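Student: Take this structure first; my questions come after.
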Amino acid sequence: MFLIKFYKSVFGWRIEKWESPIEYWLVYTGDEKEPGIDGALQPRKDAPQPTVNTVGVEDLDMHIENIKKAGGKITVPKMAVPGVGWLAYAEDTEGNIFGMMQGDPNAK
């Protein structure tokens, strides 16, 4: 994936393939002892696909309900990421897509 070479050379990030059934690359952006945000890369499904940020949450079901009550909508329902947790995607009131992940190593 050429994009990995690009980000490694520009920012010096460590990028490693996550062993899973999908193509997904974990991005380590700095020293784990320092504050910061790591991330991930995966291939686009189509050319206009935007960058999507994912927020860690303690209670995914509660946040799904809060989004609906606040006028947003769920675009991809809650699903398991085996061994990692529960993931859902939502759209805010201005059309921005974002993900939410609740960690749970027992997710199947």
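The way I read the labels, and the way they are meant: chains A, B, ... in the order of the structure tokens, residue 1 as the first residue of every chain, and ligand 1 as the first ligand shown, with later ones counted on from there.
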Show me, as a list in words, the residues that have an atom within 9 Å of range 52-57 of chain A when counting only C-alpha atoms, minus same-chain residues fewer than 6 positions from it.
Tutor: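 Here the answer would be Gly39, His63, Leu87, Tyr89, Asn96, Ile97, Phe98, Gly99, Met100, Met101, Gln102 and Gly103 of chain A.
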Student: DSSP on the backbone: what in chain A comes out helix (DSSP H, G or I), as a list of chain:residue names?
Tutor: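 Secondary structure check on chain A, helix (DSSP H, G or I): A:Phe2, A:Leu3, A:Ile4, A:Lys5, A:Phe6, A:Tyr7, A:Lys8, A:Ser9, A:Val10, A:Phe11, A:Leu60, A:Asp61, A:Met62, A:His63, A:Ile64, A:Glu65, A:Asn66, A:Ile67, A:Lys68, A:Lys69.
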Student: May I have the residues from that selection written out with C-alpha atoms, as a PDB file, in the first residue's frame?
Tutor:
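New file part-v9.pdb:
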ATOM      1  CA  PHE A   2       1.793   3.118  -1.283  1.00  0.00           C
ATOM      2  CA  LEU A   3       0.045   5.310   1.296  1.00  0.00           C
ATOM      3  CA  ILE A   4       1.968   3.595   4.098  1.00  0.00           C
ATOM      4  CA  LYS A   5       5.303   4.522   2.507  1.00  0.00           C
ATOM      5  CA  PHE A   6       4.075   8.122   2.166  1.00  0.00           C
ATOM      6  CA  TYR A   7       3.119   8.569   5.840  1.00  0.00           C
ATOM      7  CA  LYS A   8       6.212   6.762   7.099  1.00  0.00           C
ATOM      8  CA  SER A   9       8.480   9.052   5.092  1.00  0.00           C
ATOM      9  CA  VAL A  10       6.596  12.286   5.877  1.00  0.00           C
ATOM     10  CA  PHE A  11       5.962  11.813   9.616  1.00  0.00           C
ATOM     11  CA  LEU A  60     -21.765   2.297  22.586  1.00  0.00           C
ATOM     12  CA  ASP A  61     -25.489   1.573  22.996  1.00  0.00           C
ATOM     13  CA  MET A  62     -25.970   4.727  25.086  1.00  0.00           C
ATOM     14  CA  HIS A  63     -24.123   6.845  22.528  1.00  0.00           C
ATOM     15  CA  ILE A  64     -26.207   5.398  19.684  1.00  0.00           C
ATOM     16  CA  GLU A  65     -29.367   6.472  21.499  1.00  0.00           C
ATOM     17  CA  ASN A  66     -27.885   9.905  22.301  1.00  0.00           C
ATOM     18  CA  ILE A  67     -27.078  10.432  18.609  1.00  0.00           C
ATOM     19  CA  LYS A  68     -30.652   9.623  17.580  1.00  0.00           C
ATOM     20  CA  LYS A  69     -32.086  11.941  20.254  1.00  0.00           C
TER      21      LYS A  69
END
Student: Tell me, as a PyMOL selection string, which residues lie within 10 Å of Thr29 in chain A, counting only C-alpha atoms; anything in the same chain fewer than 3 positions away does not count.
Tutor: chain A and resi 7-8+11-15+26+32+36-40
Student: Residues within 7 Å of Leu41 in chain A, please, as a VMD selection string. Count only C-alpha atoms; anything in the same chain fewer than 2 positions from it doesn't count.
Tutor: chain A and resid 24 to 26 43
Student: Mind writing the picked residues with N, CA and C atoms as a PDB file, in the first residue's frame?
Tutor:
ATOM      1  N   TYR A  24      -6.153  -3.707   7.013  1.00  0.00           N
ATOM      2  CA  TYR A  24      -6.249  -2.664   8.032  1.00  0.00           C
ATOM      3  C   TYR A  24      -4.870  -2.497   8.645  1.00  0.00           C
ATOM      4  N   TRP A  25      -4.374  -1.273   8.680  1.00  0.00           N
ATOM      5  CA  TRP A  25      -3.020  -0.983   9.125  1.00  0.00           C
ATOM      6  C   TRP A  25      -3.054  -0.104  10.363  1.00  0.00           C
ATOM      7  N   LEU A  26      -2.427  -0.534  11.449  1.00  0.00           N
ATOM      8  CA  LEU A  26      -2.353   0.243  12.688  1.00  0.00           C
ATOM      9  C   LEU A  26      -1.244   1.278  12.558  1.00  0.00           C
ATOM     10  N   PRO A  43      -7.836   0.694   2.890  1.00  0.00           N
ATOM     11  CA  PRO A  43      -8.111   1.143   1.524  1.00  0.00           C
ATOM     12  C   PRO A  43      -9.497   1.790   1.426  1.00  0.00           C
TER      13      PRO A  43
END
